[in-house]
$ cat query-v2.cif   # mmCIF, C-alpha atoms and all ligand atoms
data_model
loop_
_atom_site.label_atom_id
_atom_site.label_comp_id
_atom_site.auth_asym_id
_atom_site.auth_seq_id
_atom_site.Cartn_x
_atom_site.Cartn_y
_atom_site.Cartn_z
CA MET U 281 22.13 -43.06 -1.16
CA SER U 282 20.33 -39.87 -2.25
CA LYS U 283 16.55 -39.75 -2.47
CA LEU U 284 16.79 -39.14 -6.19
CA ARG U 285 18.97 -42.21 -6.79
CA ARG U 286 16.67 -44.32 -4.57
CA ALA U 287 13.57 -43.13 -6.45
CA MET U 288 15.15 -43.85 -9.83
CA ASP U 289 16.21 -47.34 -8.71
CA LEU U 290 12.85 -48.23 -7.13
CA LEU U 291 10.94 -47.15 -10.22
CA LYS U 292 13.38 -49.04 -12.43
CA GLU U 293 12.74 -52.19 -10.38
CA GLU U 294 9.01 -51.62 -10.74
CA TYR U 295 8.75 -50.62 -14.41
CA GLY U 296 12.11 -51.58 -15.94
CA VAL U 297 14.09 -49.57 -18.48
CA PRO U 298 11.68 -48.39 -21.16
CA VAL U 299 12.40 -49.18 -24.77
CA VAL U 300 11.69 -46.06 -26.80
CA ASP U 301 11.21 -45.90 -30.54
CA ARG U 302 13.18 -42.93 -31.75
CA ARG U 303 10.93 -40.57 -33.74
CA ASP U 304 12.35 -40.08 -37.20
CA ASP U 305 11.51 -36.54 -38.14
CA PRO U 306 11.93 -33.69 -35.68
CA VAL U 307 9.22 -31.62 -37.41
CA ASP U 308 6.74 -34.48 -36.99
CA SER U 309 7.86 -34.73 -33.40
CA LEU U 310 7.28 -31.01 -32.90
CA ILE U 311 3.77 -31.28 -34.34
CA GLN U 312 3.02 -34.22 -32.03
CA VAL U 313 4.31 -32.30 -29.04
CA ILE U 314 1.96 -29.41 -29.81
CA LEU U 315 -0.93 -31.84 -30.24
CA SER U 316 -0.11 -33.47 -26.90
CA GLN U 317 -0.53 -30.23 -24.94
CA ASN U 318 -3.41 -30.60 -22.45
CA THR U 319 -4.57 -33.96 -23.76
CA ASN U 320 -3.77 -37.66 -23.41
CA ASP U 321 -1.63 -39.83 -25.70
CA THR U 322 -4.63 -41.50 -27.34
CA ASN U 323 -6.19 -38.23 -28.46
CA ARG U 324 -2.79 -36.87 -29.51
CA ASP U 325 -2.23 -39.94 -31.72
CA ARG U 326 -5.73 -39.75 -33.19
CA ALA U 327 -5.31 -36.06 -33.99
CA TYR U 328 -1.89 -36.66 -35.54
CA ARG U 329 -3.19 -39.49 -37.76
CA SER U 330 -6.14 -37.38 -38.84
CA LEU U 331 -3.85 -34.43 -39.63
CA MET U 332 -1.46 -36.52 -41.72
CA GLU U 333 -4.31 -38.22 -43.57
CA ARG U 334 -5.67 -34.82 -44.48
CA PHE U 335 -2.41 -33.09 -45.43
CA GLN U 336 0.28 -35.71 -46.26
CA SER U 337 3.26 -33.54 -45.21
CA PRO U 338 4.31 -30.66 -42.90
CA GLY U 339 4.74 -28.51 -46.01
CA GLU U 340 1.06 -28.93 -46.87
CA ILE U 341 0.04 -28.16 -43.31
CA LYS U 342 2.05 -24.95 -43.43
CA GLU U 343 0.08 -23.79 -46.45
CA ALA U 344 -3.33 -24.86 -45.12
CA SER U 345 -5.77 -22.52 -43.41
CA VAL U 346 -5.92 -22.51 -39.61
CA ASP U 347 -9.59 -23.56 -39.86
CA ASP U 348 -8.74 -26.63 -41.94
CA ILE U 349 -5.92 -27.65 -39.60
CA SER U 350 -8.19 -27.08 -36.62
CA ASP U 351 -10.88 -29.23 -38.17
CA ALA U 352 -8.41 -32.09 -38.75
CA ILE U 353 -7.17 -32.07 -35.14
CA SER U 354 -10.47 -31.40 -33.38
CA VAL U 355 -10.15 -34.57 -31.28
CA SER U 356 -7.09 -33.16 -29.50
CA GLY U 357 -8.93 -30.35 -27.66
CA LEU U 358 -7.88 -26.68 -27.76
CA HIS U 359 -7.74 -27.32 -31.49
CA ASN U 360 -7.99 -23.70 -32.63
CA ILE U 361 -5.02 -22.69 -30.50
CA LYS U 362 -3.03 -25.76 -31.52
CA ALA U 363 -3.80 -25.22 -35.22
CA GLU U 364 -2.58 -21.64 -35.01
CA ARG U 365 0.51 -22.79 -33.12
CA ILE U 366 1.39 -25.57 -35.59
CA LYS U 367 1.05 -23.28 -38.59
CA SER U 368 3.01 -20.46 -36.91
CA CYS U 369 5.81 -22.86 -35.93
CA LEU U 370 6.12 -24.23 -39.45
CA LYS U 371 6.14 -20.72 -40.93
CA GLU U 372 8.76 -19.61 -38.43
CA ILE U 373 11.01 -22.61 -39.08
CA GLU U 374 10.88 -21.89 -42.78
CA ARG U 375 11.54 -18.19 -42.20
CA MET U 376 14.58 -18.92 -40.04
CA ARG U 377 15.99 -21.86 -41.99
CA GLY U 378 14.63 -21.62 -45.51
CA ASP U 379 12.99 -25.07 -45.27
CA LEU U 380 11.32 -27.37 -42.74
CA ASP U 381 14.34 -29.54 -41.95
CA LEU U 382 15.25 -29.51 -38.27
CA GLY U 383 18.02 -32.10 -38.64
CA PHE U 384 20.63 -29.38 -37.98
CA LEU U 385 19.65 -29.48 -34.29
CA ALA U 386 21.50 -32.79 -33.97
CA SER U 387 24.83 -31.03 -34.41
CA MET U 388 24.12 -28.45 -31.69
CA ASP U 389 24.81 -28.94 -28.03
CA VAL U 390 21.74 -29.52 -25.86
CA GLN U 391 21.51 -25.99 -24.51
CA GLU U 392 21.87 -24.40 -27.92
CA ALA U 393 19.27 -26.72 -29.44
CA LYS U 394 16.82 -25.99 -26.61
CA GLU U 395 17.24 -22.26 -27.03
CA TRP U 396 16.65 -22.53 -30.77
CA LEU U 397 13.41 -24.50 -30.34
CA ARG U 398 12.14 -22.19 -27.62
CA LYS U 399 12.15 -19.31 -30.07
CA LEU U 400 9.24 -21.01 -31.84
CA PRO U 401 5.71 -19.87 -30.92
CA GLY U 402 4.18 -21.90 -28.09
CA ILE U 403 7.27 -24.07 -27.54
CA GLY U 404 8.20 -24.05 -23.86
CA PRO U 405 10.87 -25.97 -21.96
CA LYS U 406 8.89 -29.22 -21.79
CA SER U 407 8.08 -29.29 -25.49
CA ALA U 408 11.67 -28.51 -26.49
CA ALA U 409 12.98 -31.18 -24.13
CA VAL U 410 10.60 -33.81 -25.53
CA VAL U 411 11.57 -33.12 -29.15
CA LEU U 412 15.29 -33.28 -28.38
CA ASN U 413 15.05 -36.34 -26.18
CA PHE U 414 12.71 -38.46 -28.28
CA THR U 415 14.05 -37.49 -31.71
CA PHE U 416 17.77 -37.06 -31.17
CA GLY U 417 18.27 -38.94 -27.90
CA MET U 418 19.65 -35.76 -26.29
CA GLU U 419 19.93 -35.79 -22.52
CA THR U 420 16.99 -33.58 -21.55
CA PHE U 421 14.41 -34.11 -18.82
CA PRO U 422 10.88 -33.07 -19.85
CA VAL U 423 8.64 -32.18 -16.89
CA ASP U 424 5.00 -32.87 -17.68
CA THR U 425 2.09 -32.86 -15.25
CA HIS U 426 2.81 -36.39 -13.94
CA VAL U 427 6.55 -35.84 -13.54
CA PHE U 428 5.89 -32.57 -11.74
CA ARG U 429 3.26 -34.05 -9.41
CA VAL U 430 5.25 -37.14 -8.38
CA SER U 431 8.56 -35.34 -7.96
CA SER U 432 6.89 -32.57 -5.93
CA ARG U 433 5.16 -35.03 -3.61
CA LEU U 434 8.38 -36.99 -3.20
CA GLY U 435 10.19 -33.81 -2.21
CA LEU U 436 12.68 -33.84 -5.08
CA VAL U 437 11.89 -30.17 -5.72
CA PRO U 438 11.24 -27.51 -3.04
CA ASP U 439 7.70 -26.60 -1.91
CA GLY U 440 6.25 -23.85 -4.04
CA SER U 441 8.17 -24.90 -7.16
CA THR U 442 6.52 -24.23 -10.49
CA ARG U 443 6.77 -26.62 -13.39
CA GLU U 444 9.35 -24.32 -14.98
CA SER U 445 11.52 -24.12 -11.86
CA ALA U 446 11.15 -27.89 -11.31
CA TYR U 447 12.38 -28.41 -14.85
CA ASP U 448 15.54 -26.41 -14.19
CA ILE U 449 16.21 -28.28 -10.93
CA LEU U 450 15.51 -31.79 -12.23
CA GLU U 451 17.34 -31.22 -15.49
CA ASP U 452 20.49 -30.51 -13.46
CA MET U 453 19.92 -33.25 -10.89
CA VAL U 454 19.01 -36.31 -12.96
CA PRO U 455 22.07 -37.97 -14.52
CA GLY U 456 22.10 -37.74 -18.32
CA GLU U 457 22.07 -41.46 -19.05
CA ARG U 458 19.02 -41.96 -16.80
CA LYS U 459 16.94 -38.98 -17.86
CA GLN U 460 14.73 -40.77 -20.37
CA GLU U 461 14.22 -43.82 -18.14
CA PHE U 462 13.29 -41.76 -15.08
CA HIS U 463 11.05 -39.42 -17.07
CA ILE U 464 9.04 -42.29 -18.54
CA ASN U 465 8.89 -44.24 -15.27
CA LEU U 466 7.62 -41.17 -13.39
CA ILE U 467 4.86 -40.80 -15.99
CA LYS U 468 3.89 -44.47 -15.61
CA HIS U 469 3.89 -44.09 -11.84
CA GLY U 470 1.86 -40.90 -11.97
CA ARG U 471 -0.79 -42.51 -14.14
CA LYS U 472 -1.02 -45.77 -12.26
CA ILE U 473 -0.24 -45.06 -8.59
CA CYS U 474 0.50 -41.44 -7.75
CA ARG U 475 -2.67 -40.08 -9.30
CA ALA U 476 -3.67 -36.46 -8.98
CA ARG U 477 -6.65 -37.43 -6.87
CA SER U 478 -6.44 -40.29 -4.39
CA PRO U 479 -2.82 -41.41 -4.78
CA ARG U 480 -2.45 -45.11 -3.92
CA CYS U 481 0.24 -44.55 -1.29
CA LYS U 482 -0.19 -47.94 0.43
CA GLU U 483 0.74 -49.73 -2.80
CA CYS U 484 3.49 -47.32 -3.78
CA VAL U 485 7.09 -48.51 -3.98
CA LEU U 486 8.22 -44.99 -3.10
CA ASN U 487 6.17 -44.62 0.08
CA CYS U 488 9.16 -44.92 2.45
CA ILE U 489 11.03 -42.07 0.80
CA CYS U 490 8.08 -39.79 0.07
CA ASP U 491 7.42 -36.42 1.72
CA TYR U 492 3.71 -36.40 0.96
CA PRO U 493 2.07 -35.34 4.22
CA GLU U 494 -0.55 -38.08 4.34
CA VAL U 495 2.01 -40.86 4.11
CA ASP U 496 3.08 -42.54 7.31
CA LEU U 497 3.54 -46.10 6.22
CA CYS U 498 7.14 -46.96 7.14
S1 LIG E 501 3.75 -42.41 -1.53
FE1 LIG E 501 1.84 -41.56 -2.35
S2 LIG E 501 2.28 -39.43 -2.79
FE2 LIG E 501 4.25 -40.47 -2.54
S3 LIG E 501 4.87 -41.04 -4.60
FE3 LIG E 501 3.78 -42.77 -3.73
S4 LIG E 501 1.64 -42.52 -4.36
FE4 LIG E 501 2.69 -40.56 -4.66
#

$ encode --input "query-v2.cif" --output "structure tokens"
Amino acid sequence: MSKLRRAMDLLKEEYGVPVVDRRDDPVDSLIQVILSQNTNDTNRDRAYRSLMERFQSPGEIKEASVDDISDAISVSGLHNIKAERIKSCLKEIERMRGDLDLGFLASMDVQEAKEWLRKLPGIGPKSAAVVLNFTFGMETFPVDTHVFRVSSRLGLVPDGSTRESAYDILEDMVPGERKQEFHINLIKHGRKICRARSPRCKECVLNCICDYPEVDLC
């Protein structure tokens, strides 16, 4: 059995198959993805709630000043950059489509939809993959910091890979129907066991298939 298949199965035994609430509106999802950059889920959610309390709708956010948006999302960190990015994205969507409805992405194939989203300011491969996976259930494999760290240590991607190159490799390697499960389970594992500092290798269910140099437990 391949290392990838073994890792997916071991993490599934450990964490199960996650149940994911599909996000309703792709524009909301896009805003949340921007807010999540370089922060944790708690601060992303707080910033999103604060933003929607202040502005009610993406259309209002688009018309607001960057300073006002920034003020509403200050808890998320890098709030000036994120405010600029949110407003620019909304303006660009409207310029390209005439409104803020991203529902048309559902009728595109995955590659086409990714390319469309990546034309937006500040939307890289991870952000596009998250929006398409969590809103439309498309088979994409977002590579965030946890996914990148655990898959690099395991040896699923070559030494010297960047997050972008890891994304291309893993997107091809991970079977479509297991992409969301493996993505979420890698994040859980990265937060709980395979931490950036002091990974808990002795307790790790992956320790017998891991390439991490300090592991010699099997
Ligand atoms: S064995 Fe250690 S380095 Fe490898 S995945 Fe587990 S915690 Fe991470």

$ closest_atom_pairs --input "query-v2.cif" --of "region 454-486 of chain U" --to "region 411-422 of chain U" --cutoff "8 Å" --atoms "all atoms listed in the file" --output "tab-separated table"
residue	atom	partner	partner_atom	distance
U:Val454	CA	U:Phe421	CA	7.8
U:Gly456	CA	U:Glu419	CA	5.1
U:Glu457	CA	U:Glu419	CA	7.0
U:Lys459	CA	U:Phe421	CA	5.6
U:Gln460	CA	U:Phe421	CA	6.8
U:His463	CA	U:Phe421	CA	6.5

$ atom_distance --input "query-v2.cif" --atom1 "CA of Pro401 (chain U)" --atom2 "CA of Pro455 (chain U)"
29.4 Å

$ residues_near_ligand --input "query-v2.cif" --ligand "ligand LIG 501 (chain E)" --cutoff "12 Å" --atoms "only C-alpha atoms and all ligand atoms" --output "compact mmCIF listing (two decimals) with C-alpha atoms, keeping the file's coordinate frame"
# COMPACT_ATOMS: atom_id res chain seq x y z
CA LYS U 283 16.55 -39.75 -2.47
CA ALA U 287 13.57 -43.13 -6.45
CA MET U 288 15.15 -43.85 -9.83
CA LEU U 290 12.85 -48.23 -7.13
CA LEU U 291 10.94 -47.15 -10.22
CA HIS U 426 2.81 -36.39 -13.94
CA VAL U 427 6.55 -35.84 -13.54
CA PHE U 428 5.89 -32.57 -11.74
CA ARG U 429 3.26 -34.05 -9.41
CA VAL U 430 5.25 -37.14 -8.38
CA SER U 431 8.56 -35.34 -7.96
CA SER U 432 6.89 -32.57 -5.93
CA ARG U 433 5.16 -35.03 -3.61
CA LEU U 434 8.38 -36.99 -3.20
CA GLY U 435 10.19 -33.81 -2.21
CA LEU U 436 12.68 -33.84 -5.08
CA ASN U 465 8.89 -44.24 -15.27
CA LEU U 466 7.62 -41.17 -13.39
CA ILE U 467 4.86 -40.80 -15.99
CA LYS U 468 3.89 -44.47 -15.61
CA HIS U 469 3.89 -44.09 -11.84
CA GLY U 470 1.86 -40.90 -11.97
CA ARG U 471 -0.79 -42.51 -14.14
CA LYS U 472 -1.02 -45.77 -12.26
CA ILE U 473 -0.24 -45.06 -8.59
CA CYS U 474 0.50 -41.44 -7.75
CA ARG U 475 -2.67 -40.08 -9.30
CA ALA U 476 -3.67 -36.46 -8.98
CA ARG U 477 -6.65 -37.43 -6.87
CA SER U 478 -6.44 -40.29 -4.39
CA PRO U 479 -2.82 -41.41 -4.78
CA ARG U 480 -2.45 -45.11 -3.92
CA CYS U 481 0.24 -44.55 -1.29
CA LYS U 482 -0.19 -47.94 0.43
CA GLU U 483 0.74 -49.73 -2.80
CA CYS U 484 3.49 -47.32 -3.78
CA VAL U 485 7.09 -48.51 -3.98
CA LEU U 486 8.22 -44.99 -3.10
CA ASN U 487 6.17 -44.62 0.08
CA CYS U 488 9.16 -44.92 2.45
CA ILE U 489 11.03 -42.07 0.80
CA CYS U 490 8.08 -39.79 0.07
CA ASP U 491 7.42 -36.42 1.72
CA TYR U 492 3.71 -36.40 0.96
CA PRO U 493 2.07 -35.34 4.22
CA GLU U 494 -0.55 -38.08 4.34
CA VAL U 495 2.01 -40.86 4.11
CA ASP U 496 3.08 -42.54 7.31
CA LEU U 497 3.54 -46.10 6.22
CA CYS U 498 7.14 -46.96 7.14

$ residues_around --input "query-v2.cif" --residues "Gly402 (chain U)" --least-positions-apart "4" --cutoff "10 Å" --atoms "only C-alpha atoms" --output "PyMOL selection string"
chain U and resi 314+361-362+364-366+368-369+397-398+407

$ residues_around --input "query-v2.cif" --residues "Tyr447 (chain U)" --least-positions-apart "3" --cutoff "10 Å" --atoms "all atoms listed in the file" --output "short mmCIF file (atom, residue, chain, number, x, y, z; two decimals) with C-alpha atoms, in the frame of the given file"
data_model
loop_
_atom_site.label_atom_id
_atom_site.label_comp_id
_atom_site.auth_asym_id
_atom_site.auth_seq_id
_atom_site.Cartn_x
_atom_site.Cartn_y
_atom_site.Cartn_z
CA PRO U 405 10.87 -25.97 -21.96
CA LYS U 406 8.89 -29.22 -21.79
CA ALA U 409 12.98 -31.18 -24.13
CA THR U 420 16.99 -33.58 -21.55
CA PHE U 421 14.41 -34.11 -18.82
CA PRO U 422 10.88 -33.07 -19.85
CA VAL U 423 8.64 -32.18 -16.89
CA ASP U 424 5.00 -32.87 -17.68
CA VAL U 427 6.55 -35.84 -13.54
CA PHE U 428 5.89 -32.57 -11.74
CA VAL U 437 11.89 -30.17 -5.72
CA SER U 441 8.17 -24.90 -7.16
CA THR U 442 6.52 -24.23 -10.49
CA ARG U 443 6.77 -26.62 -13.39
CA GLU U 444 9.35 -24.32 -14.98
CA LEU U 450 15.51 -31.79 -12.23
CA GLU U 451 17.34 -31.22 -15.49
CA ASP U 452 20.49 -30.51 -13.46
CA MET U 453 19.92 -33.25 -10.89
#

$ atom_distance --input "query-v2.cif" --atom1 "CA of Gly378 (chain U)" --atom2 "CA of Leu310 (chain U)"
17.4 Å

$ residues_near_point --input "query-v2.cif" --point "(-3.9, -30.4, -33.0)" --cutoff "6 Å" --atoms "all atoms listed in the file" --output "MDAnalysis selection string"
chainID U and resid 315 327 353 356 359 362:363

$ atom_distance --input "query-v2.cif" --atom1 "CA of Ser387 (chain U)" --atom2 "CA of Ser445 (chain U)"
27.1 Å

$ residues_near_point --input "query-v2.cif" --point "(-3.6, -35.1, -42.7)" --cutoff "12 Å" --atoms "only C-alpha atoms" --output "number ranges by chain"
U: 308, 311, 326-342, 344, 348-353

$ axis_aligned_box --input "query-v2.cif" --around "region 360-371 of chain U" --padding-each-side "5 Å" --output "JSON"
{"center_x": -0.9, "center_y": -23.1, "center_z": -35.7, "size_x": 24.1, "size_y": 15.3, "size_z": 20.4}

$ closest_residue --input "query-v2.cif" --among "U:Gln312, U:Gln317, U:Ser282, U:Asn323" --to "Ser354 (chain U)" --atoms "only C-alpha atoms"
U:Asn323

$ closest_residue --input "query-v2.cif" --among "U:Glu395, U:Gly357, U:Glu374, U:Asp325" --to "Ser309 (chain U)" --atoms "all atoms listed in the file"
U:Asp325
